[in-house]
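Raw contents of input09.txt, compact mmCIF, C-alpha atoms:
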# COMPACT_ATOMS: atom_id res chain seq x y z
CA MET Z 223 3.01 -14.59 -22.58
CA ASN Z 224 2.61 -10.94 -21.56
CA ARG Z 225 2.13 -8.56 -24.46
CA LYS Z 226 3.76 -5.16 -24.77
CA ILE Z 227 1.88 -1.96 -23.99
CA ALA Z 228 2.25 -0.60 -27.55
CA GLU Z 229 0.81 -3.79 -29.01
CA ILE Z 230 -2.24 -3.66 -26.74
CA LYS Z 231 -2.81 0.02 -27.57
CA ASN Z 232 -2.75 -0.81 -31.27
CA ASP Z 233 -5.37 -3.50 -30.72
CA ILE Z 234 -7.55 -1.04 -28.80
CA ALA Z 235 -7.33 1.48 -31.65
CA GLY Z 236 -8.26 -1.22 -34.17
CA GLN Z 237 -11.17 -2.43 -32.05
CA LEU Z 238 -12.45 1.13 -31.66
CA ALA Z 239 -12.44 1.47 -35.44
CA VAL Z 240 -14.43 -1.76 -35.71
CA ALA Z 241 -16.93 -0.57 -33.10
CA ARG Z 242 -17.31 2.77 -34.86
CA ASP Z 243 -17.59 1.63 -38.47
CA ASN Z 244 -18.61 -2.02 -38.69
CA VAL Z 245 -21.05 -2.68 -35.83
CA LYS Z 246 -24.64 -2.98 -37.04
CA THR Z 247 -26.56 -5.04 -34.51
CA ALA Z 248 -26.99 -4.99 -30.76
CA GLU Z 249 -25.20 -8.34 -30.52
CA GLU Z 250 -22.21 -7.04 -32.46
CA ARG Z 251 -22.13 -3.91 -30.33
CA ALA Z 252 -22.22 -5.94 -27.11
CA ALA Z 253 -19.37 -8.11 -28.39
CA ALA Z 254 -17.33 -5.01 -29.29
CA VAL Z 255 -17.91 -3.54 -25.83
CA GLU Z 256 -16.78 -6.77 -24.16
CA LYS Z 257 -13.66 -6.98 -26.33
CA LEU Z 258 -12.71 -3.39 -25.50
CA ARG Z 259 -13.26 -4.06 -21.81
CA GLU Z 260 -10.92 -7.05 -22.01
CA LEU Z 261 -8.28 -5.07 -23.88
CA ASN Z 262 -8.46 -2.24 -21.37
CA GLN Z 263 -7.99 -4.67 -18.47
CA GLU Z 264 -5.01 -6.16 -20.31
CA LEU Z 265 -3.54 -2.69 -20.84
CA GLN Z 266 -3.87 -1.79 -17.19
CA GLY Z 267 -2.29 -5.09 -16.23
CA ALA Z 268 0.57 -4.44 -18.66
CA PHE Z 269 1.29 -1.09 -17.01
CA ILE Z 270 1.45 -2.78 -13.60
CA ILE Z 271 3.61 -5.64 -14.91
CA GLU Z 272 6.04 -3.14 -16.43
CA ALA Z 273 6.29 -1.28 -13.12
CA ALA Z 274 6.73 -4.58 -11.25
CA GLU Z 275 9.49 -5.63 -13.66
CA ARG Z 276 11.29 -2.35 -13.05
CA SER Z 277 10.84 -2.93 -9.33
CA ALA Z 278 12.21 -6.47 -9.61
CA ALA Z 279 15.22 -5.19 -11.56
CA GLN Z 280 15.91 -2.70 -8.78
CA ASN Z 281 15.77 -5.55 -6.24
CA ASN Z 282 18.03 -7.91 -8.20
CA PHE Z 283 21.28 -7.46 -6.30
CA SER Z 284 24.45 -9.47 -6.78
CA ALA Z 285 25.86 -11.61 -3.99
CA GLY Z 286 28.69 -9.10 -3.60
CA GLU Z 287 26.29 -6.19 -3.21
CA VAL Z 288 24.27 -8.06 -0.61
CA GLN Z 289 27.39 -8.98 1.34
CA GLU Z 290 28.61 -5.39 1.22
CA ALA Z 291 25.26 -4.10 2.49
CA GLN Z 292 25.56 -6.24 5.62
CA ARG Z 293 28.38 -3.98 6.83
CA PHE Z 294 26.13 -0.91 6.87
CA SER Z 295 25.35 0.30 10.40
CA PHE Z 296 22.29 2.41 11.16
CA VAL Z 297 23.86 3.34 14.51
CA LYS Z 298 27.14 4.51 12.93
CA PHE Z 299 25.20 6.41 10.27
CA LEU Z 300 23.14 8.28 12.90
CA ARG Z 301 26.09 8.78 15.27
CA GLU Z 302 28.29 10.36 12.61
CA ALA Z 303 25.42 12.48 11.30
CA ALA Z 304 24.66 13.71 14.83
CA GLY Z 305 28.31 14.39 15.59
CA GLY Z 306 28.57 17.14 13.03
CA GLY Z 307 31.35 15.42 11.13
CA ALA Z 308 31.17 13.84 7.73
CA LEU Z 309 30.08 10.28 7.17
CA THR Z 310 32.88 7.80 6.62
CA GLY Z 311 33.38 4.39 5.08
CA LEU Z 312 30.47 2.37 3.72
CA GLU Z 313 27.91 4.75 5.26
CA LEU Z 314 29.38 7.57 3.15
CA GLU Z 315 29.30 5.39 0.01
CA MET Z 316 25.66 4.48 0.63
CA ALA Z 317 24.69 8.11 1.22
CA GLN Z 318 26.26 8.95 -2.16
CA GLU Z 319 24.32 6.08 -3.76
CA ALA Z 320 21.12 7.49 -2.20
CA VAL Z 321 21.78 10.84 -3.90
CA ARG Z 322 22.13 9.13 -7.28
CA GLU Z 323 18.99 7.09 -6.63
CA SER Z 324 16.96 10.13 -5.60
CA LYS Z 325 17.90 11.99 -8.78
CA LEU Z 326 16.56 9.11 -10.88
CA ASN Z 327 13.24 9.47 -9.07
CA GLY Z 328 13.07 13.26 -9.12
CA ILE Z 329 13.31 13.35 -5.32
CA VAL Z 330 15.28 16.02 -3.47
CA LEU Z 331 16.94 14.74 -0.30
CA ASN Z 332 16.66 17.14 2.63
CA GLY Z 333 19.14 15.22 4.72
CA LEU Z 334 21.39 12.20 4.29
CA GLY Z 335 20.08 9.27 2.30
CA ILE Z 336 19.93 5.53 2.96
CA PRO Z 337 19.49 3.83 -0.44
CA HIS Z 338 17.04 1.09 -1.37
CA ILE Z 339 19.69 -1.65 -1.41
CA ILE Z 340 20.15 -1.26 2.35
CA LEU Z 341 16.42 -1.53 3.00
CA ALA Z 342 16.06 -4.55 0.72
CA THR Z 343 19.09 -6.58 1.83
CA LYS Z 344 20.45 -5.38 5.17
CA ARG Z 345 20.08 -7.92 7.95
CA ALA Z 346 20.61 -6.53 11.45
CA ALA Z 347 23.32 -8.36 13.35
CA THR Z 348 22.30 -10.55 16.26
CA GLY Z 349 24.98 -9.52 18.74
CA GLN Z 350 28.32 -10.81 19.94
CA ASN Z 351 26.95 -12.92 22.76
CA VAL Z 352 23.36 -14.00 22.42
CA THR Z 353 23.52 -16.44 25.33
CA THR Z 354 24.03 -13.70 27.91
CA ALA Z 355 21.12 -11.31 28.25
CA ASN Z 356 23.20 -8.33 29.35
CA ASP Z 357 25.58 -8.85 26.43
CA GLY Z 358 22.86 -8.51 23.85
CA GLY Z 359 20.60 -11.51 24.25
CA ASN Z 360 17.72 -9.35 25.50
CA LEU Z 361 17.45 -7.67 22.12
CA VAL Z 362 17.99 -10.64 19.83
CA GLY Z 363 15.08 -11.96 17.77
CA SER Z 364 14.88 -15.44 16.33
CA ASP Z 365 14.86 -14.16 12.74
CA PRO Z 366 17.13 -11.67 11.00
CA VAL Z 367 15.55 -8.36 10.05
CA VAL Z 368 15.36 -7.06 6.50
CA TYR Z 369 13.79 -3.61 6.48
CA ILE Z 370 11.55 -4.00 3.40
CA GLU Z 371 10.37 -7.51 4.29
CA ALA Z 372 9.71 -6.50 7.90
CA LEU Z 373 7.79 -3.43 6.70
CA ARG Z 374 5.67 -5.59 4.42
CA ALA Z 375 4.98 -8.03 7.28
CA LYS Z 376 3.87 -5.17 9.54
CA LEU Z 377 1.21 -4.10 7.03
CA VAL Z 378 -2.02 -6.01 7.65
CA LEU Z 379 -2.98 -4.99 4.11
CA SER Z 380 -0.35 -7.43 2.88
CA GLN Z 381 -2.23 -10.22 4.66
CA LEU Z 382 -5.24 -9.34 2.54
CA GLY Z 383 -3.21 -9.43 -0.68
CA ALA Z 384 -2.39 -5.77 -1.35
CA PHE Z 385 0.21 -5.42 -4.12
CA PHE Z 386 3.37 -3.93 -2.55
CA MET Z 387 5.95 -2.61 -5.04
CA THR Z 388 9.39 -1.42 -3.93
CA GLY Z 389 12.42 -0.02 -5.70
CA LEU Z 390 10.25 1.90 -8.14
CA VAL Z 391 11.86 4.25 -10.64
CA GLY Z 392 9.83 7.06 -12.16
CA ASN Z 393 6.06 7.39 -12.18
CA VAL Z 394 3.78 4.36 -12.53
CA PRO Z 395 0.96 4.89 -15.07
CA LEU Z 396 -2.50 3.41 -14.54
CA ALA Z 397 -4.95 3.14 -17.45
CA LYS Z 398 -8.71 3.06 -17.13
CA GLY Z 399 -11.30 2.98 -19.89
CA SER Z 400 -14.81 4.34 -19.78
CA ALA Z 401 -17.64 1.92 -20.45
CA LEU Z 402 -19.25 1.79 -23.88
CA SER Z 403 -23.01 1.91 -24.08
CA ALA Z 404 -25.15 0.03 -26.57
CA SER Z 405 -28.36 1.39 -28.10
CA TRP Z 406 -31.29 -0.15 -29.93
CA GLY Z 407 -32.14 0.81 -33.48
CA GLY Z 408 -34.56 -0.07 -36.21
CA GLU Z 409 -33.88 -2.78 -38.77
CA VAL Z 410 -32.00 -0.45 -41.09
CA GLY Z 411 -31.77 2.70 -38.99
CA GLU Z 412 -28.43 4.30 -38.17
CA VAL Z 413 -27.26 4.24 -34.57
CA ALA Z 414 -24.94 6.75 -32.98
CA ALA Z 415 -21.21 6.08 -33.17
CA VAL Z 416 -19.50 5.30 -29.89
CA LYS Z 417 -15.94 5.56 -28.71
CA LYS Z 418 -14.11 4.45 -25.62
CA ALA Z 419 -12.14 6.99 -23.63
CA ILE Z 420 -8.88 5.70 -22.18
CA THR Z 421 -7.78 7.84 -19.24
CA LYS Z 422 -4.45 7.56 -17.46
CA SER Z 423 -3.46 8.46 -13.93
CA GLU Z 424 -0.07 8.03 -12.31
CA MET Z 425 1.37 6.89 -9.04
CA THR Z 426 4.01 9.42 -8.00
CA PRO Z 427 6.33 9.51 -4.96
CA LYS Z 428 4.85 11.37 -1.98
CA ARG Z 429 6.92 12.12 1.13
CA LEU Z 430 6.02 10.25 4.30
CA ALA Z 431 7.76 11.75 7.35
CA MET Z 432 8.39 10.08 10.71
CA THR Z 433 10.09 11.77 13.67
CA THR Z 434 11.67 10.02 16.64
CA ALA Z 435 14.53 10.57 19.08
CA TYR Z 436 17.45 8.47 20.27
CA SER Z 437 19.62 9.07 23.31
CA ARG Z 438 23.22 9.99 22.68
CA GLN Z 439 24.25 7.17 24.98
CA LEU Z 440 22.35 4.64 22.84
CA LEU Z 441 24.02 5.89 19.66
CA GLU Z 442 27.45 5.46 21.26
CA GLN Z 443 26.86 1.71 21.45
CA THR Z 444 28.45 -0.54 18.85
CA SER Z 445 26.31 -3.65 19.37
CA GLY Z 446 24.57 -5.07 16.35
CA ASP Z 447 21.51 -5.48 18.55
CA ILE Z 448 21.22 -1.71 18.87
CA ASP Z 449 21.26 -1.61 15.06
CA ARG Z 450 18.35 -4.05 15.15
CA LEU Z 451 16.49 -2.04 17.78
CA ILE Z 452 16.77 1.20 15.80
CA MET Z 453 15.78 -0.53 12.56
CA LEU Z 454 12.67 -2.03 14.16
CA ASP Z 455 11.77 1.35 15.64
CA MET Z 456 11.88 2.90 12.17
CA ILE Z 457 9.95 0.00 10.63
CA ASN Z 458 7.13 0.23 13.19
CA GLY Z 459 6.64 3.96 12.67
CA HIS Z 460 6.93 3.60 8.90
CA ALA Z 461 4.35 0.79 8.71
CA ALA Z 462 1.80 2.51 10.94
CA ALA Z 463 1.86 5.74 8.95
CA LEU Z 464 1.86 4.03 5.54
CA GLU Z 465 -1.05 1.76 6.40
CA ALA Z 466 -3.12 4.60 7.83
CA ALA Z 467 -2.69 6.50 4.55
CA ALA Z 468 -3.49 3.45 2.42
CA ILE Z 469 -6.73 2.82 4.33
CA ALA Z 470 -7.99 6.36 4.83
CA GLY Z 471 -5.59 8.95 3.43
CA GLY Z 472 -6.84 11.88 1.42
CA GLY Z 473 -5.41 14.54 3.73
CA SER Z 474 -3.02 17.30 2.77
CA ASN Z 475 -0.13 15.85 0.72
CA GLU Z 476 -1.36 12.29 1.43
CA PRO Z 477 -2.21 9.61 -1.12
CA SER Z 478 -5.92 8.92 -1.47
CA GLY Z 479 -6.52 5.77 0.53
CA ILE Z 480 -9.44 3.40 0.06
CA LEU Z 481 -11.91 5.43 2.14
CA ALA Z 482 -10.96 8.67 0.39
CA THR Z 483 -11.24 7.33 -3.17
CA ALA Z 484 -14.30 8.50 -5.09
CA GLY Z 485 -16.40 5.86 -6.79
CA ILE Z 486 -16.07 2.91 -4.42
CA GLY Z 487 -19.27 1.14 -3.39
CA SER Z 488 -21.18 2.55 -0.43
CA VAL Z 489 -23.39 0.70 2.05
CA VAL Z 490 -25.39 2.65 4.64
CA ILE Z 491 -26.65 1.09 7.88
CA GLY Z 492 -29.43 3.65 8.16
CA ALA Z 493 -30.24 7.34 8.42
CA GLY Z 494 -29.15 7.35 12.03
CA ALA Z 495 -26.28 4.81 11.74
CA GLY Z 496 -26.43 1.49 13.59
CA ALA Z 497 -24.78 -1.82 14.44
CA ILE Z 498 -23.33 -4.05 11.76
CA ASN Z 499 -25.64 -6.92 10.76
CA TRP Z 500 -25.80 -9.88 8.40
CA PRO Z 501 -27.76 -8.15 5.59
CA LYS Z 502 -25.25 -5.29 5.50
CA LEU Z 503 -22.29 -7.69 5.28
CA VAL Z 504 -23.96 -9.37 2.33
CA GLU Z 505 -24.73 -5.97 0.80
CA LEU Z 506 -21.03 -5.03 0.91
CA GLU Z 507 -20.22 -8.19 -1.01
CA THR Z 508 -23.08 -7.57 -3.43
CA LYS Z 509 -21.82 -4.07 -4.24
CA VAL Z 510 -18.53 -5.55 -5.44
CA ALA Z 511 -20.14 -8.53 -7.18
CA GLY Z 512 -22.58 -6.22 -8.96
CA ASN Z 513 -19.58 -4.59 -10.66
CA ASN Z 514 -18.18 -7.97 -11.74
CA ALA Z 515 -15.24 -7.39 -9.40
CA ASP Z 516 -15.79 -10.26 -6.97
CA SER Z 517 -12.61 -12.18 -7.75
CA GLY Z 518 -9.06 -12.10 -6.53
CA ALA Z 519 -7.94 -11.47 -2.94
CA LEU Z 520 -11.38 -10.86 -1.43
CA GLY Z 521 -11.74 -10.05 2.25
CA TYR Z 522 -12.96 -7.69 4.95
CA LEU Z 523 -10.95 -5.02 6.77
CA THR Z 524 -12.15 -3.29 9.94
CA ASN Z 525 -11.09 -2.17 13.43
CA SER Z 526 -11.11 -3.92 16.81
CA LYS Z 527 -14.41 -2.33 17.87
CA VAL Z 528 -16.29 -3.74 14.90
CA MET Z 529 -14.53 -7.07 15.32
CA GLY Z 530 -15.88 -7.23 18.87
CA ALA Z 531 -19.38 -6.70 17.49
CA LEU Z 532 -18.90 -9.33 14.77
CA LYS Z 533 -18.06 -11.91 17.44
CA THR Z 534 -21.18 -11.22 19.52
CA ILE Z 535 -23.93 -10.38 16.98
CA GLU Z 536 -25.90 -13.31 15.61
CA ARG Z 537 -26.72 -13.67 11.93
CA ALA Z 538 -30.35 -14.11 12.98
CA ALA Z 539 -31.80 -14.20 16.49
CA GLY Z 540 -31.62 -17.55 18.24
CA THR Z 541 -29.32 -19.25 15.70
CA ALA Z 542 -26.12 -19.15 17.77
CA ARG Z 543 -24.39 -18.39 14.45
CA PHE Z 544 -22.35 -15.21 14.70
CA LEU Z 545 -21.18 -12.73 12.07
CA TYR Z 546 -17.57 -13.81 12.69
CA GLU Z 547 -16.80 -17.52 12.93
CA ASN Z 548 -13.69 -19.56 12.24
CA LYS Z 549 -11.69 -16.40 11.41
CA GLU Z 550 -14.15 -15.52 8.63
CA SER Z 551 -17.34 -13.67 7.84
CA ASN Z 552 -19.52 -15.38 5.25
CA GLY Z 553 -16.51 -17.34 4.00
CA TYR Z 554 -14.16 -14.36 3.62
CA PRO Z 555 -11.18 -13.52 5.88
CA VAL Z 556 -11.50 -10.58 8.26
CA VAL Z 557 -8.36 -8.59 9.10
CA VAL Z 558 -8.27 -6.07 11.94
CA THR Z 559 -6.26 -2.88 12.40
CA ASN Z 560 -7.10 0.24 14.36
CA ASN Z 561 -5.87 2.25 11.40
CA VAL Z 562 -9.44 1.71 10.17
CA PRO Z 563 -11.09 4.78 11.73
CA SER Z 564 -13.57 4.62 14.61
CA ASN Z 565 -14.02 8.40 14.87
CA LEU Z 566 -16.16 9.05 11.79
CA THR Z 567 -19.19 11.34 11.98
CA LYS Z 568 -22.55 11.47 10.24
CA VAL Z 569 -25.27 14.12 10.16
CA ASN Z 570 -28.85 12.93 10.57
CA GLY Z 571 -31.30 15.79 10.40
CA GLY Z 572 -29.91 18.37 12.80
CA ASP Z 573 -27.92 15.85 14.84
CA THR Z 574 -24.29 14.85 14.39
CA ILE Z 575 -23.57 11.22 15.24
CA GLN Z 576 -19.98 10.69 16.34
CA ASN Z 577 -17.51 7.84 16.88
CA LEU Z 578 -18.65 5.73 13.96
CA SER Z 579 -16.51 2.92 12.54
CA ALA Z 580 -15.81 1.70 9.02
CA MET Z 581 -15.72 -1.73 7.40
CA ILE Z 582 -14.29 -2.41 3.95
CA PHE Z 583 -14.89 -5.34 1.62
CA GLY Z 584 -13.04 -5.84 -1.61
CA ASN Z 585 -10.39 -7.40 -3.79
CA PHE Z 586 -7.27 -6.15 -2.05
CA ALA Z 587 -5.05 -7.30 -4.91
CA ASP Z 588 -6.35 -4.15 -6.63
CA LEU Z 589 -4.81 -1.99 -3.89
CA LEU Z 590 -1.35 -0.86 -5.02
CA ILE Z 591 1.25 0.41 -2.53
CA GLY Z 592 4.43 1.74 -4.11
CA GLN Z 593 7.78 2.75 -2.62
CA TRP Z 594 10.46 4.78 -4.35
CA GLY Z 595 14.08 4.55 -3.26
CA GLY Z 596 15.24 4.35 0.33
CA LEU Z 597 15.09 6.81 3.23
CA ASP Z 598 15.92 10.49 3.61
CA VAL Z 599 17.25 11.00 7.15
CA ILE Z 600 17.54 14.41 8.85
CA VAL Z 601 19.48 14.31 12.12
CA ASP Z 602 19.07 17.22 14.55
CA PRO Z 603 21.52 17.03 17.48
CA TYR Z 604 20.45 20.40 18.97
CA SER Z 605 16.68 20.56 19.61
CA LEU Z 606 16.77 17.96 22.41
CA LYS Z 607 20.33 18.60 23.60
CA LYS Z 608 19.21 19.38 27.19
CA VAL Z 609 17.82 15.87 27.61
CA GLY Z 610 20.69 14.17 25.82
CA GLU Z 611 18.70 13.04 22.80
CA VAL Z 612 19.12 13.34 19.06
CA GLU Z 613 15.92 14.10 17.12
CA THR Z 614 15.70 12.19 13.86
CA THR Z 615 13.24 12.74 11.02
CA ILE Z 616 12.97 9.93 8.50
CA ASN Z 617 11.36 10.52 5.11
CA ALA Z 618 10.16 7.70 2.86
CA PHE Z 619 8.46 8.04 -0.53
CA HIS Z 620 5.21 6.23 -1.30
CA ASP Z 621 1.97 6.37 -3.19
CA VAL Z 622 -1.27 4.40 -3.07
CA ALA Z 623 -3.75 3.70 -5.86
CA LEU Z 624 -6.71 1.46 -6.66
CA ARG Z 625 -6.55 -0.36 -9.97
CA ARG Z 626 -10.35 -0.53 -10.03
CA VAL Z 627 -12.63 1.44 -7.71
CA GLU Z 628 -15.32 -1.16 -8.45
CA SER Z 629 -13.29 -3.69 -6.46
CA PHE Z 630 -14.15 -2.08 -3.11
CA ALA Z 631 -17.22 -1.25 -1.02
CA VAL Z 632 -17.33 0.40 2.39
CA CYS Z 633 -19.75 0.99 5.25
CA LYS Z 634 -18.84 4.06 7.32
CA ASP Z 635 -21.72 4.45 9.80
CA ILE Z 636 -21.27 1.49 12.15
CA THR Z 637 -21.98 2.04 15.84
CA THR Z 638 -20.12 -0.10 18.38

Kindly transcribe the structure held in the file into structure tokens.
Amino acid sequence: MNRKIAEIKNDIAGQLAVARDNVKTAEERAAAVEKLRELNQELQGAFIIEAAERSAAQNNFSAGEVQEAQRFSFVKFLREAAGGGALTGLELEMAQEAVRESKLNGIVLNGLGIPHIILATKRAATGQNVTTANDGGNLVGSDPVVYIEALRAKLVLSQLGAFFMTGLVGNVPLAKGSALSASWGGEVGEVAAVKKAITKSEMTPKRLAMTTAYSRQLLEQTSGDIDRLIMLDMINGHAAALEAAAIAGGGSNEPSGILATAGIGSVVIGAGAGAINWPKLVELETKVAGNNADSGALGYLTNSKVMGALKTIERAAGTARFLYENKESNGYPVVVTNNVPSNLTKVNGGDTIQNLSAMIFGNFADLLIGQWGGLDVIVDPYSLKKVGEVETTINAFHDVALRRVESFAVCKDITT
């Protein structure tokens, strides 16, 4: 049974009092430190559970709401927005719902909104005649598309176990406690009092913008397959940008992704960089294990260049055993995306070494990816009027955080 946040905080306060006033021996102090560590982990988990419960509540739609959402048309929404007239029908109702939703999250819409219910439940139609290619069959997929689920599937981080939270309301607090230190004393000597600092950070919505263009002729179509095509176009752009931020991030207005988060483990190939090798793979794992964080959804994440090296470099010369075998490295899954950078640089003496790649190892269940609300859509029918296209900017709201920096280690000086 999950305990409430207030109850856990009370236990932490009581345990701090015990550690401060009643601990006399090194054994008692070590036990107090361990108890506080456990309580802090429970508190952090409680914060995440509370946010997940809010997210689940936001995604708990009635059958009537789901059925209503199926009538929403992305094409009609964009066509009416581009035409200069007001939205009508269900698209107008959903835009009004998006305004209400954005106010709950403290988000200001710059254009017209598509609310979370559409992203979480809308299935693109499969066309009026799927047996005839020219009547829509060319665009029909075997599975219906739900925006949120398709977005999640596009993120390779989800394959590794990253925790994806949608429909968030308000900020998501994350608690972290500093470690207590024990000290040795004489048989009756007084030792210094200790206290544990509980710090709190927050995940807050940050705007992720994507810009594309659609021809006016395409938007005049009424086929459900065009709805599907436009939805998939938005999903692909959304996923690519979100994943790049979650992995690297740290730029202006971006969340701090894994590579940009201070405090994660660091493994260095050498002063002058170098190829990935067996000892360095093991060292990545050891960095995480040394922090008692080697549990959960453990795996490797890298790019296609490093994957090519993993397939051709032997663990030791003459063994015919390679760094990557049976879809694993040393028993852990390896997932590949070119959102892991291959253009990193390193200074060695007076020389700058370029085009270096990264490889990450960690418990990806400690990577949190949050989404607030739906989409903010700005339709510009004028900028590309000479070529008959409508420019569309789509804003989504996300943040990324690591529950524990100790859960990750990275090597950023790999030559390929």

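Computed from the coordinates, the atom CA of Thr388 of chain Z to atom CA of Tyr436 of chain Z distance equals 27.4 Å.
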
For this session: Extract, using all atoms listed in the file, all DNA, RNA and protein residues at most 6 Å from segment 479-487 of chain Z, discarding same-chain residues fewer than 4 positions from it, and format them as a PyMOL selection string.
Result: chain Z and resi 467-472+509+627-628+630-631

Problem set entry | Using only C-alpha atoms: which of Z:Lys226, Z:Lys231, Z:Arg429, Z:Arg242 has the shortest distance to Asn332 of chain Z |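 For Asn332 of chain Z, the nearest of the given residues is Z:Arg429.
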
For this session: For each of Z:Gly584, Z:Gly311, Z:Gly335, Z:Pro395, take the minimum atom-to-atom distance to Ser517 of chain Z, counting all atoms listed in the file, then give the residue where this is smallest.
Result: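 When distances to Ser517 of chain Z are compared using all atoms listed in the file, the smallest one comes from Z:Gly584.
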
Exercise. With only C-alpha atoms as the basis for distance, which of Z:Val391, Z:Leu590, Z:Asp449, Z:Ala538 is at the shortest distance from Arg322 of chain Z?
Worked result: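 Closest to Arg322 of chain Z of all the choices is Z:Val391.
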
For this session: Show which residues sit within 12 Å of segment 300-308 of chain Z, as number ranges by chain. Count all atoms listed in the file, and ignore same-chain residues fewer than 2 positions away.
Result: Z: 294-298, 310-311, 313-315, 317, 333-336, 435-444, 448-449, 452-453, 598-607, 610-616

Problem set entry | Two-atom distance - atom CA of Leu578 of chain Z, atom CA of Asn560 of chain Z (Å) |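 Atom CA of Leu578 of chain Z sits 12.8 Å away from atom CA of Asn560 of chain Z.
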
Problem set entry | Shell of 10 Å around Lys568 of chain Z, all atoms listed in the file, local chain residues under 3 positions omitted, as a list in words | Ala493, Gly494, Ala495, Gly571, Asp573, Thr574, Ile575, Gln576, Asn577, Leu578, Lys634 and Asp635 of chain Z

For this session: Mind checking which residues fall within 9 Å of Ile491 of chain Z, counting all atoms listed in the file, ignoring those fewer than 4 positions away in the same chain, and posting them as a PyMOL selection string?
Result: chain Z and resi 495-499+502+633-636

Hey, can you spit out that residue selection with C-alpha atoms as a JSON list (two decimals), in the coordinates of the input?
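Writing done, so here's part-v1.json:
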[["chain", "number", "residue", "atom", "x", "y", "z"],
["Z", 495, "ALA", "CA", -26.28, 4.81, 11.74],
["Z", 496, "GLY", "CA", -26.43, 1.49, 13.59],
["Z", 497, "ALA", "CA", -24.78, -1.82, 14.44],
["Z", 498, "ILE", "CA", -23.33, -4.05, 11.76],
["Z", 499, "ASN", "CA", -25.64, -6.92, 10.76],
["Z", 502, "LYS", "CA", -25.25, -5.29, 5.50],
["Z", 633, "CYS", "CA", -19.75, 0.99, 5.25],
["Z", 634, "LYS", "CA", -18.84, 4.06, 7.32],
["Z", 635, "ASP", "CA", -21.72, 4.45, 9.80],
["Z", 636, "ILE", "CA", -21.27, 1.49, 12.15]]

Problem set entry | Pick from Z:Ile340, Z:Leu326, Z:Val622, Z:Met432, whichever lies nearest to Glu476 of chain Z using all atoms listed in the file | Z:Val622

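Neighbours of Ala462 of chain Z closer than or equal to 8 Å, with only C-alpha atoms counted and sequence neighbours fewer than 4 positions away skipped, come out as Leu377, Asn458, Ala466 and Asn561 of chain Z.
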